[in-house]
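Undergrad: Got a structure for you, target.txt, holding compact mmCIF, C-alpha atoms.
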# COMPACT_ATOMS: atom_id res chain seq x y z
CA MET A 1081 26.62 16.63 -18.53
CA THR A 1082 27.48 18.73 -15.48
CA SER A 1083 30.79 18.96 -13.67
CA ARG A 1084 29.26 16.89 -10.85
CA TYR A 1085 29.53 13.77 -12.96
CA PRO A 1086 32.69 11.68 -12.46
CA ALA A 1087 35.43 12.28 -14.99
CA ILE A 1088 35.06 8.72 -16.36
CA SER A 1089 31.40 9.30 -17.31
CA THR A 1090 32.17 10.28 -20.90
CA ASP A 1091 34.16 7.09 -21.50
CA ILE A 1092 31.36 4.99 -20.01
CA ILE A 1093 28.66 6.64 -22.14
CA THR A 1094 30.80 6.11 -25.24
CA LEU A 1095 31.15 2.42 -24.37
CA PHE A 1096 27.38 2.11 -23.88
CA ALA A 1097 26.83 3.56 -27.36
CA THR A 1098 28.93 0.77 -28.86
CA ARG A 1099 26.83 -1.84 -27.02
CA ASN A 1100 23.56 -1.10 -28.86
CA THR A 1101 21.85 0.43 -25.83
CA HIS A 1102 19.16 3.07 -25.46
CA ALA A 1103 20.22 5.73 -22.94
CA VAL A 1104 17.42 6.25 -20.43
CA GLU A 1105 16.77 8.72 -17.62
CA VAL A 1106 14.35 7.89 -14.84
CA ALA A 1107 12.92 10.15 -12.13
CA VAL A 1108 14.83 10.62 -8.90
CA LEU A 1109 11.57 10.41 -6.93
CA GLN A 1110 10.08 6.93 -7.23
CA PRO A 1111 7.06 5.06 -5.80
CA ALA A 1112 8.37 3.28 -2.72
CA ASP A 1113 6.20 0.14 -2.76
CA PRO A 1114 8.11 -1.77 -5.48
CA PHE A 1115 11.37 -1.36 -3.56
CA LEU A 1116 9.78 -2.24 -0.21
CA ASP A 1117 8.16 -5.33 -1.72
CA MET A 1118 10.89 -6.63 -4.02
CA ALA A 1119 14.30 -5.13 -3.35
CA GLY A 1120 15.33 -7.20 -0.34
CA GLU A 1121 15.85 -6.56 3.37
CA ASP A 1122 19.31 -5.02 3.00
CA LEU A 1123 18.20 -2.32 0.54
CA ARG A 1124 14.90 -1.69 2.35
CA ARG A 1125 16.82 -0.58 5.44
CA ARG A 1126 18.77 1.99 3.43
CA ILE A 1127 15.96 3.71 1.49
CA PHE A 1128 15.14 7.41 2.03
CA LEU A 1129 11.33 7.62 2.29
CA THR A 1130 9.05 10.62 1.86
CA GLU A 1131 5.37 11.25 1.13
CA SER A 1132 3.50 13.09 -1.61
CA GLU A 1133 0.73 15.63 -1.03
CA THR A 1134 -1.80 12.88 -1.79
CA GLY A 1135 -0.29 10.54 0.81
CA GLN A 1136 1.57 8.27 -1.62
CA THR A 1137 4.77 6.87 -0.15
CA LEU A 1138 7.75 7.83 -2.29
CA CYS A 1139 11.49 7.32 -2.05
CA LEU A 1140 14.66 8.74 -3.48
CA ARG A 1141 15.89 6.41 -6.23
CA PRO A 1142 17.99 3.73 -4.40
CA GLU A 1143 18.92 1.80 -7.57
CA PHE A 1144 18.09 1.74 -11.28
CA THR A 1145 16.82 -1.74 -12.15
CA ILE A 1146 13.27 -1.33 -10.84
CA PRO A 1147 12.82 2.25 -12.21
CA VAL A 1148 14.13 1.22 -15.65
CA CYS A 1149 11.74 -1.75 -15.72
CA LEU A 1150 8.80 0.44 -14.66
CA ASP A 1151 9.71 2.95 -17.36
CA HIS A 1152 9.88 0.17 -19.96
CA ILE A 1153 6.43 -1.11 -18.98
CA ALA A 1154 4.93 2.40 -19.05
CA SER A 1155 6.41 3.15 -22.47
CA GLN A 1156 5.16 -0.16 -23.93
CA ALA A 1157 8.43 -0.42 -25.86
CA ASP A 1158 9.18 -3.48 -27.96
CA THR A 1159 11.65 -6.14 -26.84
CA PRO A 1160 14.38 -7.22 -26.92
CA ARG A 1161 15.71 -3.86 -25.83
CA ARG A 1162 18.84 -2.81 -23.98
CA TYR A 1163 18.82 0.25 -21.71
CA SER A 1164 21.85 2.07 -20.34
CA TYR A 1165 21.93 4.64 -17.55
CA LEU A 1166 24.29 6.83 -15.56
CA GLY A 1167 23.09 8.84 -12.60
CA GLU A 1168 22.86 9.25 -8.86
CA VAL A 1169 21.31 6.84 -6.41
CA PHE A 1170 20.49 7.56 -2.77
CA ARG A 1171 21.06 5.10 0.06
CA GLN A 1172 22.05 5.23 3.69
CA ARG A 1173 25.56 3.77 3.80
CA ARG A 1174 28.00 2.93 6.55
CA GLU A 1175 30.90 4.02 4.36
CA GLY A 1176 30.98 6.79 1.76
CA GLY A 1177 28.34 9.37 0.94
CA ASN A 1178 24.62 8.72 0.80
CA GLU A 1179 24.49 10.09 -2.76
CA PHE A 1180 26.66 8.35 -5.32
CA PHE A 1181 26.74 7.58 -9.02
CA GLN A 1182 25.95 4.28 -10.66
CA ALA A 1183 26.00 3.25 -14.31
CA GLY A 1184 24.80 0.08 -15.94
CA ILE A 1185 22.84 -1.81 -18.57
CA GLU A 1186 19.46 -3.56 -18.28
CA ASP A 1187 18.88 -6.16 -21.02
CA LEU A 1188 15.15 -6.89 -21.42
CA GLY A 1189 13.32 -9.44 -23.52
CA ASP A 1190 16.15 -11.55 -25.00
CA ARG A 1191 14.91 -15.16 -24.96
CA ASP A 1192 18.43 -16.52 -25.42
CA THR A 1193 19.12 -16.24 -21.71
CA ALA A 1194 22.55 -17.90 -21.83
CA GLU A 1195 23.78 -15.36 -24.38
CA ALA A 1196 22.17 -12.42 -22.57
CA ASP A 1197 23.74 -13.50 -19.26
CA ALA A 1198 27.15 -13.86 -20.86
CA ARG A 1199 26.81 -10.48 -22.58
CA SER A 1200 25.96 -8.81 -19.26
CA VAL A 1201 29.05 -10.24 -17.57
CA ALA A 1202 31.20 -9.36 -20.60
CA ASP A 1203 29.90 -5.77 -20.77
CA ALA A 1204 30.53 -5.21 -17.05
CA HIS A 1205 34.02 -6.65 -17.42
CA ALA A 1206 34.71 -4.47 -20.50
CA LEU A 1207 33.54 -1.33 -18.68
CA LEU A 1208 35.83 -1.95 -15.71
CA SER A 1209 38.75 -2.86 -17.98
CA LEU A 1210 38.24 0.46 -19.80
CA VAL A 1211 38.21 2.70 -16.72
CA LEU A 1212 40.75 0.67 -14.69
CA PRO A 1213 43.43 -0.17 -17.27
CA GLY A 1214 46.06 -2.57 -16.05
CA GLN A 1215 44.02 -3.78 -13.07
CA SER A 1216 43.50 -7.53 -12.70
CA LEU A 1217 39.78 -8.24 -12.25
CA ALA A 1218 38.18 -11.09 -10.28
CA VAL A 1219 34.72 -12.33 -11.30
CA THR A 1220 32.53 -14.32 -8.90
CA LEU A 1221 29.40 -16.08 -10.17
CA GLY A 1222 26.51 -17.66 -8.31
CA ASP A 1223 23.21 -19.05 -9.53
CA GLN A 1224 19.88 -18.59 -7.75
CA GLY A 1225 18.27 -21.07 -10.16
CA ILE A 1226 20.74 -23.86 -9.36
CA PHE A 1227 20.32 -23.23 -5.62
CA GLU A 1228 16.52 -23.42 -5.86
CA ALA A 1229 16.77 -26.57 -8.03
CA VAL A 1230 18.86 -28.24 -5.32
CA LEU A 1231 16.30 -27.28 -2.65
CA ALA A 1232 13.48 -28.71 -4.76
CA ALA A 1233 15.40 -31.91 -5.55
CA LEU A 1234 16.02 -32.43 -1.82
CA GLY A 1235 12.26 -32.42 -1.29
CA LEU A 1236 12.10 -29.39 1.01
CA PRO A 1237 8.57 -28.05 1.54
CA ARG A 1238 7.65 -24.76 -0.10
CA GLY A 1239 8.04 -22.70 3.07
CA TRP A 1240 11.61 -23.83 3.60
CA ARG A 1241 12.48 -23.35 -0.06
CA MET A 1242 11.18 -19.77 0.10
CA ARG A 1243 13.05 -18.96 3.31
CA LEU A 1244 16.35 -20.34 2.04
CA ALA A 1245 15.90 -18.67 -1.36
CA ARG A 1246 15.38 -15.31 0.37
CA ALA A 1247 18.48 -15.90 2.49
CA PHE A 1248 20.65 -16.67 -0.55
CA GLY A 1249 23.09 -13.79 -0.87
CA SER A 1250 23.27 -13.04 2.85
CA ALA A 1251 25.72 -15.29 4.66
CA PRO A 1252 24.30 -14.52 8.16
CA MET A 1253 20.70 -15.13 7.05
CA LEU A 1254 21.61 -18.36 5.26
CA GLU A 1255 23.62 -19.59 8.26
CA ALA A 1256 20.70 -18.85 10.59
CA ALA A 1257 18.24 -20.60 8.27
CA LEU A 1258 20.44 -23.69 8.03
CA ALA A 1259 20.80 -23.78 11.82
CA ASP A 1260 17.01 -23.70 12.18
CA LEU A 1261 16.67 -26.38 9.53
CA ALA A 1262 19.01 -28.66 11.45
CA ASN A 1263 17.29 -27.93 14.79
CA PRO A 1264 13.82 -26.40 14.32
CA PRO A 1265 12.99 -23.79 17.01
CA ARG A 1266 10.10 -24.28 19.37
CA ASN A 1267 6.80 -22.55 18.73
CA GLY A 1268 6.73 -18.92 19.77
CA GLN A 1269 3.94 -17.40 21.84
CA LEU A 1270 1.16 -15.93 19.66
CA SER A 1271 -2.08 -14.32 20.77
CA GLY A 1272 -5.26 -16.41 20.53
CA PRO A 1273 -6.74 -14.94 17.28
CA VAL A 1274 -3.34 -14.84 15.57
CA ALA A 1275 -2.49 -18.39 16.64
CA ALA A 1276 -5.79 -19.69 15.24
CA LEU A 1277 -5.35 -17.91 11.91
CA VAL A 1278 -1.77 -19.15 11.64
CA LEU A 1279 -2.83 -22.72 12.45
CA ASP A 1280 -5.52 -22.56 9.75
CA GLY A 1281 -3.08 -21.08 7.23
CA ASP A 1282 -5.59 -18.26 6.60
CA LEU A 1283 -3.35 -15.74 4.83
CA ASP A 1284 -6.14 -13.27 3.93
CA GLY A 1285 -7.71 -13.34 7.37
CA LEU A 1286 -4.36 -12.97 9.13
CA SER A 1287 -3.38 -10.09 6.82
CA ARG A 1288 -6.61 -8.24 7.67
CA HIS A 1289 -6.10 -8.87 11.39
CA ILE A 1290 -2.53 -7.52 11.28
CA ALA A 1291 -3.58 -4.51 9.19
CA GLY A 1292 -6.30 -3.68 11.71
CA GLY A 1293 -3.83 -3.92 14.57
CA MET A 1294 -1.35 -1.67 12.79
CA GLU A 1295 -4.06 0.89 12.06
CA GLU A 1296 -5.16 0.93 15.72
CA ALA A 1297 -1.54 1.44 16.78
CA GLY A 1298 -1.10 4.28 14.26
CA LEU A 1299 1.56 2.40 12.28
CA SER A 1300 2.00 2.93 8.55
CA ALA A 1301 2.25 -0.23 6.44
CA SER A 1302 4.75 1.56 4.18
CA ALA A 1303 7.17 2.11 7.07
CA GLY A 1304 8.17 -1.55 7.01
CA ARG A 1305 6.79 -4.87 5.88
CA ALA A 1306 3.25 -4.99 4.49
CA PRO A 1307 0.60 -6.84 6.59
CA SER A 1308 0.41 -9.57 3.93
CA ASP A 1309 4.17 -10.03 4.14
CA ILE A 1310 4.08 -10.29 7.93
CA ALA A 1311 1.19 -12.78 7.72
CA ARG A 1312 3.00 -14.88 5.15
CA ARG A 1313 6.13 -15.01 7.28
CA LEU A 1314 4.16 -16.06 10.39
CA ILE A 1315 2.47 -18.90 8.52
CA GLU A 1316 5.75 -19.96 6.96
CA LYS A 1317 7.46 -19.99 10.34
CA ALA A 1318 4.74 -22.25 11.75
CA GLU A 1319 5.20 -24.62 8.81
CA LEU A 1320 8.98 -24.51 9.14
CA ARG A 1321 8.88 -25.58 12.78
CA SER A 1322 7.25 -28.85 11.76
CA VAL A 1323 10.08 -29.86 9.38
CA ARG A 1324 13.49 -31.33 10.08
CA LEU A 1325 15.72 -32.25 7.17
CA SER A 1326 17.25 -35.74 7.22
CA ASP A 1327 20.95 -36.01 8.01
CA GLU A 1328 21.63 -37.22 4.45
CA ALA A 1329 19.75 -34.34 2.83
CA PHE A 1330 21.33 -31.78 5.17
CA ALA A 1331 24.80 -33.13 4.35
CA ALA A 1332 24.00 -32.89 0.62
CA LEU A 1333 22.91 -29.27 0.99
CA LYS A 1334 26.06 -28.38 2.91
CA GLY A 1335 28.14 -30.22 0.30
CA PHE A 1336 26.52 -28.21 -2.49
CA LEU A 1337 27.16 -24.89 -0.73
CA ALA A 1338 30.85 -25.84 -0.36
CA ILE A 1339 31.38 -26.00 -4.16
CA ASP A 1340 33.80 -23.22 -5.15
CA VAL A 1341 35.62 -23.87 -8.43
CA PRO A 1342 36.78 -22.09 -11.61
CA LEU A 1343 33.93 -21.66 -14.07
CA ASP A 1344 35.46 -23.97 -16.66
CA GLY A 1345 35.07 -26.87 -14.23
CA ALA A 1346 31.83 -25.80 -12.57
CA ALA A 1347 29.32 -27.72 -14.71
CA GLN A 1348 31.27 -30.94 -14.15
CA ALA A 1349 31.49 -30.24 -10.42
CA LEU A 1350 27.72 -29.79 -10.27
CA GLU A 1351 27.12 -32.98 -12.26
CA THR A 1352 29.43 -34.89 -9.90
CA PHE A 1353 27.65 -33.44 -6.85
CA ALA A 1354 24.20 -34.27 -8.22
CA ALA A 1355 25.19 -37.85 -9.09
CA GLY A 1356 26.75 -38.40 -5.67
CA ALA A 1357 23.70 -37.01 -3.86
CA GLY A 1358 21.24 -38.87 -6.09
CA LEU A 1359 19.64 -35.63 -7.29
CA SER A 1360 18.43 -34.45 -10.68
CA LEU A 1361 19.02 -30.76 -11.41
CA GLY A 1362 17.51 -31.00 -14.89
CA ALA A 1363 16.98 -27.79 -16.85
CA ALA A 1364 18.81 -25.65 -14.27
CA LEU A 1365 22.05 -27.51 -14.92
CA GLU A 1366 21.56 -27.37 -18.69
CA LYS A 1367 21.12 -23.59 -18.50
CA PHE A 1368 24.20 -23.30 -16.32
CA ALA A 1369 26.36 -25.22 -18.78
CA ALA A 1370 25.03 -23.21 -21.76
CA ARG A 1371 25.84 -19.95 -19.97
CA ALA A 1372 29.37 -21.09 -19.14
CA ARG A 1373 29.95 -21.87 -22.83
CA ALA A 1374 28.53 -18.48 -23.85
CA ILE A 1375 30.81 -16.66 -21.38
CA GLU A 1376 33.82 -18.45 -22.84
CA ALA A 1377 32.66 -17.52 -26.37
CA HIS A 1378 32.76 -13.84 -25.35
CA GLY A 1379 36.48 -14.21 -24.74
CA LEU A 1380 36.31 -13.98 -20.97
CA PRO A 1381 38.86 -16.18 -19.19
CA SER A 1382 36.52 -18.83 -17.73
CA ALA A 1383 39.44 -20.48 -15.95
CA LYS A 1384 39.87 -17.24 -13.95
CA ILE A 1385 36.15 -16.77 -13.24
CA ARG A 1386 35.07 -18.39 -9.98
CA TYR A 1387 31.76 -20.18 -9.41
CA ASP A 1388 30.79 -20.15 -5.74
CA ALA A 1389 27.64 -22.20 -5.07
CA ALA A 1390 26.94 -20.20 -1.89
CA PHE A 1391 27.33 -16.81 -3.58
CA GLY A 1392 24.25 -14.65 -4.05
CA ARG A 1393 23.35 -10.97 -4.02
CA PRO A 1394 21.03 -9.42 -1.40
CA LEU A 1395 18.17 -8.42 -3.72
CA ASP A 1396 14.96 -10.45 -3.68
CA TYR A 1397 14.19 -10.20 -7.38
CA TYR A 1398 17.03 -12.37 -8.74
CA THR A 1399 16.07 -15.68 -10.38
CA GLY A 1400 19.21 -16.98 -12.12
CA VAL A 1401 22.83 -15.99 -12.51
CA VAL A 1402 24.24 -13.42 -10.08
CA PHE A 1403 27.72 -11.97 -10.32
CA GLU A 1404 30.13 -9.43 -8.90
CA ILE A 1405 33.44 -8.11 -10.21
CA ALA A 1406 36.22 -6.65 -8.05
CA VAL A 1407 39.90 -5.97 -8.47
CA GLN A 1408 42.01 -9.00 -7.63
CA GLY A 1409 42.38 -9.08 -3.87
CA GLY A 1410 39.84 -6.26 -3.38
CA ASP A 1411 37.28 -6.42 -0.60
CA ARG A 1412 34.45 -4.47 -2.28
CA PRO A 1413 32.65 -5.20 -5.55
CA LEU A 1414 32.94 -2.63 -8.33
CA ALA A 1415 30.15 -4.17 -10.43
CA GLY A 1416 27.25 -6.44 -9.62
CA GLY A 1417 24.30 -7.86 -11.46
CA GLY A 1418 22.12 -10.81 -12.28
CA ARG A 1419 19.01 -12.24 -13.91
CA TYR A 1420 15.48 -11.23 -12.80
CA ASP A 1421 12.93 -13.04 -15.00
CA ARG A 1422 9.94 -12.55 -12.66
CA LEU A 1423 10.47 -8.87 -11.89
CA LEU A 1424 8.67 -7.23 -14.81
CA THR A 1425 5.57 -9.37 -14.34
CA LEU A 1426 5.49 -8.45 -10.65
CA LEU A 1427 5.79 -4.78 -11.64
CA GLY A 1428 2.76 -5.02 -13.93
CA ALA A 1429 3.93 -6.27 -17.34
CA ARG A 1430 1.11 -8.14 -19.11
CA THR A 1431 3.44 -10.82 -20.46
CA ALA A 1432 6.57 -12.37 -19.02
CA ILE A 1433 9.71 -10.45 -20.01
CA PRO A 1434 13.10 -11.98 -19.14
CA GLY A 1435 15.70 -9.55 -17.86
CA VAL A 1436 19.33 -9.38 -16.82
CA GLY A 1437 21.54 -6.43 -15.97
CA PHE A 1438 24.41 -4.98 -14.00
CA SER A 1439 25.49 -1.75 -12.35
CA VAL A 1440 28.87 -0.32 -11.40
CA TRP A 1441 29.80 1.87 -8.43
CA LEU A 1442 31.55 4.92 -9.88
CA ASP A 1443 32.73 6.27 -6.52
CA ARG A 1444 34.62 3.05 -5.81
CA ILE A 1445 36.16 3.12 -9.29
CA GLU A 1446 37.22 6.75 -8.86
CA ALA A 1447 38.84 5.92 -5.51
CA LEU A 1448 40.91 3.19 -7.15
CA ARG A 1449 41.91 5.46 -10.02
CA GLU A 1450 43.15 8.08 -7.55
CA LYS A 1451 45.36 5.46 -5.86
CA ALA A 1452 46.83 4.25 -9.16
CA PRO A 1453 50.48 5.29 -9.74
Take the structure in the file and write it out as structure tokens.
TA:
Amino acid sequence: MTSRYPAISTDIITLFATRNTHAVEVAVLQPADPFLDMAGEDLRRRIFLTESETGQTLCLRPEFTIPVCLDHIASQADTPRRYSYLGEVFRQRREGGNEFFQAGIEDLGDRDTAEADARSVADAHALLSLVLPGQSLAVTLGDQGIFEAVLAALGLPRGWRMRLARAFGSAPMLEAALADLANPPRNGQLSGPVAALVLDGDLDGLSRHIAGGMEEAGLSASAGRAPSDIARRLIEKAELRSVRLSDEAFAALKGFLAIDVPLDGAAQALETFAAGAGLSLGAALEKFAARARAIEAHGLPSAKIRYDAAFGRPLDYYTGVVFEIAVQGGDRPLAGGGRYDRLLTLLGARTAIPGVGFSVWLDRIEALREKAP
């Protein structure tokens, strides 16, 4: 370990060793496509891109979850398996340096998802308690799965469910989506060939048309959204304009998003909401309740952990629980994580592998330690 590493690195690595993890190192230079396709709009804007001699689009490692999952798939390692890491990531940031250290754990293959989720929250909490002794920590939980179950139970068409699911975790995006849902925008002006392909819902044909136009204009598909992504969004937008949610369903959705309660009362609050709205949340609610019990079994103070139904994290690959931990009254998270059960399949795994993990921002932790008396 070099002197560049934060002083708390040794303590963190020692903690990881007690958590039955395999320390892993992944390359700084990564293929860019997985991040451009799956990481979410917020992270895509911050990635440092470059190109190999063969023309492959690469990027400086902007986070660890995707590289660790790719490394796991390539190594064909058995599961369940827990990986730990500590190293630099590279992102354009409004505050702080563009190179900073992160550490975390990725927990792959454990089929007891409630226990794995609870362990991830508990490990993140234990790490912060170790390096910030005496600080009061605030934990905020959300649940992508519960949110998507509510959207499905309300009978929203697939296009709307996808748009709202993507917006979950970004308050401005979610607010804009809800505004459009209440008052669908008028059709935009599209060129003749594009309008026809959109009307027919021809995703493949529209993707080829957009790719041809980008090639003629000298635009690289890797510089932004892929042609298939642009085509999918255009078709979705056309479908969305034809839907207006009923006043009752819209009020139910707004009522759900207003739920913000301590974790020990969250399952009951969700049951009460579902009964009042005449909705069935089924397996999603059962998983939520099992996770809450598992978190309490880990000794975390569930009465002091907050469940915010509108809380998400701005990464597209999350499928279940999402969480952040900050110091009480702090305005920036020190740790963040969540469940990503579809990610490894999308990255090329031959069988479905459930996953959950978290990372911590070491520069933010160091700044707090320097301020401590």
Undergrad: Please provide the set of residues having any atom within 10 Å of Leu1231 (chain A), restricted to only C-alpha atoms, with same-chain residues fewer than 2 positions apart removed, written as a ChimeraX atom specification.
TA: /A:1225-1229,1233-1238,1240-1242,1244-1245,1329,1333,1361
Undergrad: Show me, as a list of chain:residue names, the residues that have an atom within 8 Å of Gly1222 (chain A) when counting all atoms listed in the file, minus same-chain residues fewer than 3 positions from it.
TA: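 Contacts, in chain order: A:Tyr1387, A:Asp1388, A:Ala1389, A:Ala1390, A:Phe1391, A:Gly1392, A:Val1401, A:Val1402, A:Phe1403.
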Undergrad: Can you work out which one of A:Ala1372, A:Val1407, A:Tyr1165, A:Phe1330 has the shortest atom-to-atom distance to Asn1263 (chain A), counting all atoms listed in the file?
TA: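 Looking only at the distances to Asn1263 (chain A), the closest residue turns out to be A:Phe1330.
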Undergrad: Mind dumping a table of every region 1203-1298 of chain A residue within 10 Å of region 1425-1447 of chain A, with the nearest atom pair and its distance in Å to one decimal, using all atoms listed in the file, sorted by chain and rising number, as a tab-separated table?
TA:
residue	atom	partner	partner_atom	distance
A:Asp1203	CA	A:Phe1438	CA	8.8
A:Ala1204	CA	A:Phe1438	CA	6.8
A:Leu1207	CA	A:Val1440	CA	8.7
A:Leu1208	CA	A:Ile1445	CA	8.2
A:Val1211	CA	A:Ile1445	CA	7.7
A:Leu1212	CA	A:Ile1445	CA	7.5
Undergrad: Do you have the CA of Ile1310 (chain A)-CA of Glu1131 (chain A) distance handy?
TA: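 So the answer is 22.6 Å.
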Undergrad: Could you tell me how far CA of Leu1188 (chain A) lies from CA of Cys1139 (chain A), in Å and to one decimal?
TA: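 Here the two named atoms are 24.3 Å from each other.
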Undergrad: Could you tell me how far CA of Pro1111 (chain A) lies from CA of Phe1180 (chain A), in Å and to one decimal?
TA: 19.9 Å
Undergrad: Compare A:Ala1183, A:Met1118, A:Val1106, A:Ala1097 by their minimum atom-to-atom distance to Leu1395 (chain A), counting only C-alpha atoms, and give me the closest one.
TA: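 Counting only C-alpha atoms, the residue closest to Leu1395 (chain A) is A:Met1118.
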Undergrad: Which residue out of A:Leu1210, A:Gly1176, A:Ser1132, A:Ala1196 has the minimum interatomic distance to Ala1374 (chain A) when all atoms listed in the file are used?
TA: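 Smallest separation from Ala1374 (chain A) among the options: A:Ala1196.
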